[in-house]
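Visitor: Here's a structure for you.
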Amino acid sequence: MTHKPGYYSQFGGAFIPEILAATFEELCAAFEGAKADPTFWAEYERLMRSYSCRPTPITFAENLTRHFGGPRIYVKREDLNHTGAHKANNVMGQGLLVRRMGKRRVIAETGAGQHGVATATMAAKFGFECTIYMGEVDVERQRPNVFWMERLGAKVVPVTEGSRTLKDAINEAFRDWVSNMDTTHYVLGTACGPHPFPEMVAWFQSIIGSEARRQILEEAGQLPKRVYACVGGGSNAMGIFSGFFDEPGVELVGVEAGGLGLKTGQHAARLSGGDASVGVAQGYRTYFLQDEDGQMRETHSVAAGLDYVGVSPILSHYKDNGRVRFESATDAEVVEALALTVKKEGLIPALESSHAFAQAFKEAPSLGSDQVLLINQSGRGDKDIFTVADAFDDPAWKDFIKRKAAHYEAP
Amino acid sequence: MKLLDYIQEQRKKREILLMTHIVVGYPNLTQSLELVDAMVEAGVDLMELQIPFSEPIADGPVILHANQEALKGGVRVDDCFEFAEKVAKRHPIPFLFMSYYNVLFRRGIERFVTRAAAAGVVGAIVPDCPPEEADDYVMAMRRKQLAPVFIFSPSTPDARLAKIGAAGDGFVYAVARKGVTGSDTEFSDDLAGYLARCRRATSLPLAVGFGLRARKDVSFLRGKADIAVVGTESLRLLKSGGVSAVGRFLSDLRG
């Protein structure tokens, strides 16, 4: 599939400042060494078993299945990871790699805050120093995650330049890294960025897909007709899809943030809309939401973890060769899907993951009851309580916040 | 005018040349032009014109901010070409574009380079395009006789220095230290040792930048490099003292 290392057809590469060339060489060597060493993966699985509840189960969503009257719907429960999302898989894996490289400090970018919390947790466990870069807008949206990162001992740096979201946090993390690469590893949170990150992150996340394939055969007795995953950077999608790439009968569906609607320009649909074009930024070549001059555009999503301008180069490759179908779900559809899932199943998917649910719900009525759907619940939604309460316009919640604020202001 | 010939010619007259940098359109196009005029007046030998980009990962806070302000002010890539054309006509010194790869890529490498050549620009510095990814870019530049300038860093091993030197033209830009533009640099024995390694790796002239801000920094480079690069410090002075402060600072740098 590649014609040169780190490329997936025309996508990927390593467009990095010269100062990082030696660091990337070291990282590539450490990664290759880890891949070639069977004890590394065994140690990774052991760690994830004892620290992060792996293997995470798949859950048969009986009530949703009955509600739609079509295919049997199964949910892969990445929300049950320690720290509440699939991000833990990548972070703990990179933590083992950092230890192997003998570095003592980790840095990371975060959008929704899940990757930041996961990295801060890993740093606490492994005894690394930790700095997290987070766009100022996201700091506002995800205050509870900031609180936990700080409790875990991480320094959280709000990024005030640019659009003050995920892409700007990535830029700042790179700026830190070019100054401190001797001691520091950059724990990139998704299957993006310069080689070897897309491949490395996809490798750690492939634990989702290999479990899911085995589990769905056991539980449902057949392969799924379709597999749904939300796509921000693309790591949870790469993770679950990887268990099914070799099964031509399994349709893989990546769901992007449709925001206020594809026609409004207020979205983050890079692969499912017509607004993105191929570019090179943040160290790699992929589809970006950019203008005619190559300047990155503002994006929008109700889910902080999905409003990124680029996307995994591996997914861009699968977009072009047709192996993955890309769709989008709007903010409104997503909130509705979340409400239905909570009510029918007692599951609380993150707003990010709810995109996958929303698309599956749109398609379920057209499939037969002899078929199986698999949805990746990449994270849990408790973290989104402020955003979700706003979306539901919950009066009791608003009163609670007002009373709480009054309590803080009281002398 | 070929960049390498010009540098070699100038070096016969002066021990160390001076290259400065502006972000086109910061704080606006009119002041950018005044700034170029003042820099040339102050005796600089060559200049980088940075085309602003929304994701300038190799730049520190000062230049990052200038990029963002320029974009906010509405500067387009076409404005930068027109600006380059104007200053290249007005002044006898060589101008290079500095930008990030996406600015070239989005326009089409070939189209970008053709337009740059037509504007009278003589070379380019693209810090996120290492030689491994640069085949199309280097070919396009060479076809138009423009110099693709590559970058050395203190962490670059000797064999790679040689490879980078061979890929480029005009000169090689040696960054003086780790990090991004605009922080302090220690002008030390370590730096001298690194510059000696750079010298051995290439026959191209050496430009040294990142953190130069005083006459003693430029003096340190005499005999060790061919071009001293001043970037962020001019921007800082522009903010605090305006165009005239930048001019005075630059006139004074070489003593």
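Naming scheme: A, B, ... for chains in displayed order of the structure tokens; residues 1 onward per chain; ligands 1 onward as shown.
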Do you know which residues are at most 12 Å from B:Leu191 counting only C-alpha atoms, after dropping those on the same chain fewer than 2 positions away, and could you put them as a PDB file with C-alpha atoms, in the first residue's frame?

Guide:
```pdb
ATOM      1  CA  SER B 153      20.628  22.060  12.991  1.00  0.00           C
ATOM      2  CA  PRO B 154      22.997  21.285  15.877  1.00  0.00           C
ATOM      3  CA  SER B 155      21.437  17.821  16.182  1.00  0.00           C
ATOM      4  CA  ALA B 174      22.355  26.879  10.070  1.00  0.00           C
ATOM      5  CA  VAL B 175      20.027  27.331  13.028  1.00  0.00           C
ATOM      6  CA  ALA B 176      22.167  28.198  16.010  1.00  0.00           C
ATOM      7  CA  ARG B 177      20.309  26.110  18.540  1.00  0.00           C
ATOM      8  CA  LYS B 178      17.310  23.940  19.362  1.00  0.00           C
ATOM      9  CA  THR B 185      21.094  31.831  21.952  1.00  0.00           C
ATOM     10  CA  GLU B 186      24.343  31.226  23.748  1.00  0.00           C
ATOM     11  CA  PHE B 187      27.210  32.208  21.481  1.00  0.00           C
ATOM     12  CA  SER B 188      29.687  29.676  22.818  1.00  0.00           C
ATOM     13  CA  ASP B 189      32.430  27.182  22.004  1.00  0.00           C
ATOM     14  CA  GLY B 193      32.287  23.623  17.062  1.00  0.00           C
ATOM     15  CA  TYR B 194      28.947  23.048  15.372  1.00  0.00           C
ATOM     16  CA  LEU B 195      29.649  25.765  12.796  1.00  0.00           C
ATOM     17  CA  ALA B 196      32.998  24.163  12.038  1.00  0.00           C
ATOM     18  CA  ARG B 197      31.134  20.878  11.393  1.00  0.00           C
ATOM     19  CA  CYS B 198      28.783  22.752   9.055  1.00  0.00           C
ATOM     20  CA  VAL B 208      23.483  31.571  10.906  1.00  0.00           C
ATOM     21  CA  GLY B 209      20.260  32.588  12.567  1.00  0.00           C
ATOM     22  CA  PHE B 210      18.017  32.115  15.636  1.00  0.00           C
ATOM     23  CA  ASP B 217      26.620  38.141  18.262  1.00  0.00           C
ATOM     24  CA  PHE B 220      31.198  36.156  17.104  1.00  0.00           C
ATOM     25  CA  LEU B 221      30.200  34.879  13.675  1.00  0.00           C
ATOM     26  CA  LYS B 224      32.846  31.216  11.253  1.00  0.00           C
ATOM     27  CA  ALA B 225      29.959  32.010   8.907  1.00  0.00           C
TER      28      ALA B 225
END
```

Visitor: Using only C-alpha atoms, which residues of chain A come within 7 Å of chain B, and what is the closest atom pair for each, with the distance in Å to one decimal? Give it as JSON lines, sorted by chain and residue number.

Guide:
```
{"residue": "A:Phe15", "atom": "CA", "partner": "B:Asp128", "partner_atom": "CA", "distance": 5.2}
{"residue": "A:Ile16", "atom": "CA", "partner": "B:Asp128", "partner_atom": "CA", "distance": 4.9}
{"residue": "A:Pro17", "atom": "CA", "partner": "B:Asp128", "partner_atom": "CA", "distance": 4.8}
{"residue": "A:Glu18", "atom": "CA", "partner": "B:Ser153", "partner_atom": "CA", "distance": 6.2}
{"residue": "A:Ile19", "atom": "CA", "partner": "B:Ser153", "partner_atom": "CA", "distance": 5.2}
{"residue": "A:Ala22", "atom": "CA", "partner": "B:Ser155", "partner_atom": "CA", "distance": 6.4}
{"residue": "A:Gly162", "atom": "CA", "partner": "B:Gln68", "partner_atom": "CA", "distance": 6.8}
{"residue": "A:Asn171", "atom": "CA", "partner": "B:Ile57", "partner_atom": "CA", "distance": 5.4}
{"residue": "A:Phe174", "atom": "CA", "partner": "B:Ile57", "partner_atom": "CA", "distance": 6.7}
{"residue": "A:Arg175", "atom": "CA", "partner": "B:Val180", "partner_atom": "CA", "distance": 6.3}
{"residue": "A:Val178", "atom": "CA", "partner": "B:Gly179", "partner_atom": "CA", "distance": 4.7}
{"residue": "A:Ser179", "atom": "CA", "partner": "B:Gly179", "partner_atom": "CA", "distance": 3.8}
{"residue": "A:Gly279", "atom": "CA", "partner": "B:Asn102", "partner_atom": "CA", "distance": 5.9}
{"residue": "A:Val280", "atom": "CA", "partner": "B:Asn102", "partner_atom": "CA", "distance": 4.9}
{"residue": "A:Ala281", "atom": "CA", "partner": "B:Asn102", "partner_atom": "CA", "distance": 6.3}
{"residue": "A:Asp293", "atom": "CA", "partner": "B:Val77", "partner_atom": "CA", "distance": 6.2}
{"residue": "A:Gly294", "atom": "CA", "partner": "B:Arg106", "partner_atom": "CA", "distance": 5.4}
{"residue": "A:Gln295", "atom": "CA", "partner": "B:Ser54", "partner_atom": "CA", "distance": 5.3}
{"residue": "A:Met296", "atom": "CA", "partner": "B:Ser54", "partner_atom": "CA", "distance": 6.1}
```

Visitor: So that I can check the surroundings of stretch 27-44 of chain B, please list as a list of chain:residue names every protein, DNA and RNA residue that reaches within 6 Å of it, counting only C-alpha atoms and ignoring chain neighbours fewer than 6 positions away.

Guide: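 With the cut-off at 6 Å, the set is B:Leu18, B:Val243, B:Gly247, B:Leu250, B:Ser251.
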
Visitor: Show me, as a list in words, the residues that have an atom within 6 Å of A:Gln266 when counting only C-alpha atoms, minus same-chain residues fewer than 2 positions from it.

Guide: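 Residues meeting the cut-off are Gly259, Leu260, Thr264, Thr299 and His300 of chain A.
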
Visitor: One decimal, in Å: what's the spacing between atom CA of B:Ser234 and atom CA of B:Ala88?

Guide: 20.2 Å

Visitor: Running DSSP on the backbone, which parts of stretch 2-242 of chain B land in alpha helix (DSSP H), as a ChimeraX atom specification?

Guide: /B:3-13,29-41,61-72,77-90,101-107,109-119,135-143,158-167,189-201,215-221,232-242

Visitor: At a cut-off of 6 Å, using only C-alpha atoms, what residues contact A:Arg380? Leave out same-chain residues fewer than 5 positions from it and give the result as a PyMOL selection string.

Guide: chain A and resi 79+84+348-350

Visitor: For the selection you just gave me, I'd like the residues written to a file as a CSV table (one decimal), in the first residue's frame, keeping C-alpha atoms.

Guide:
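Contents of part.csv, as written:
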```csv
chain,number,residue,atom,x,y,z
A,79,ASP,CA,-15.8,4.1,27.2
A,84,GLY,CA,-13.0,6.9,29.9
A,348,ILE,CA,-23.7,7.5,27.9
A,349,PRO,CA,-21.6,7.9,24.8
A,350,ALA,CA,-19.4,10.9,24.5
```

Visitor: Write out as an MDAnalysis selection string the residues lying within 9 Å of B:Asp184, counting only C-alpha atoms and excluding same-chain residues fewer than 6 positions away.

Guide: chainID B and resid 210:213

Visitor: Please provide as a VMD selection string all residues within 12 Å of A:Thr165, with the sequence filter that same-chain residues fewer than 5 positions apart are discarded (counting only C-alpha atoms).

Guide: chain A and resid 109 to 113 133 to 142 158 to 160 170 to 172 297 to 301 303 to 309

Visitor: Can you check which residues of stretch 200-232 of chain B DSSP gives as strand (DSSP E or B) on the backbone and send them as a CSV table (one decimal) with N, CA and C atoms, in the first residue's frame?

Guide:
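Output file states-v4.csv is given in full below:
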```
chain,number,residue,atom,x,y,z
B,206,LEU,N,27.5,29.8,4.5
B,206,LEU,CA,26.7,29.5,5.7
B,206,LEU,C,26.0,30.7,6.3
B,207,ALA,N,24.8,30.6,6.4
B,207,ALA,CA,24.0,31.7,7.2
B,207,ALA,C,23.7,31.2,8.5
B,208,VAL,N,23.8,32.0,9.6
B,208,VAL,CA,23.5,31.6,10.9
B,208,VAL,C,22.4,32.5,11.5
B,209,GLY,N,21.4,31.8,12.0
B,209,GLY,CA,20.3,32.6,12.6
B,209,GLY,C,19.7,31.9,13.8
B,222,ARG,N,32.0,36.3,12.8
B,222,ARG,CA,33.0,36.6,11.8
B,222,ARG,C,34.0,35.5,11.7
B,225,ALA,N,31.1,32.1,9.8
B,225,ALA,CA,30.0,32.0,8.9
B,225,ALA,C,30.0,33.1,7.9
B,227,ILE,N,27.0,34.7,6.6
B,227,ILE,CA,25.8,35.6,6.7
B,227,ILE,C,25.2,35.5,8.1
B,228,ALA,N,25.0,36.6,8.7
B,228,ALA,CA,24.3,36.7,10.0
B,228,ALA,C,22.9,37.0,9.7
B,229,VAL,N,22.0,36.2,10.3
B,229,VAL,CA,20.5,36.4,10.1
B,229,VAL,C,19.9,37.0,11.3
B,230,VAL,N,19.2,38.2,11.1
B,230,VAL,CA,18.4,38.8,12.2
B,230,VAL,C,16.9,38.7,11.8
```

Visitor: Could you jot down the atom CA of A:Phe204 to atom CA of A:Asn90 separation for me, Å, one decimal place?

Guide: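 One can read the atom CA of A:Phe204 to atom CA of A:Asn90 distance as 5.2 Å.
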
Visitor: Of the candidates A:Val106, A:Met200, A:Val75, A:Leu152, which one gets nearest to A:Ser354 if we count only C-alpha atoms?

Guide: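 The shortest atom-to-atom distance to A:Ser354 comes from A:Val75.
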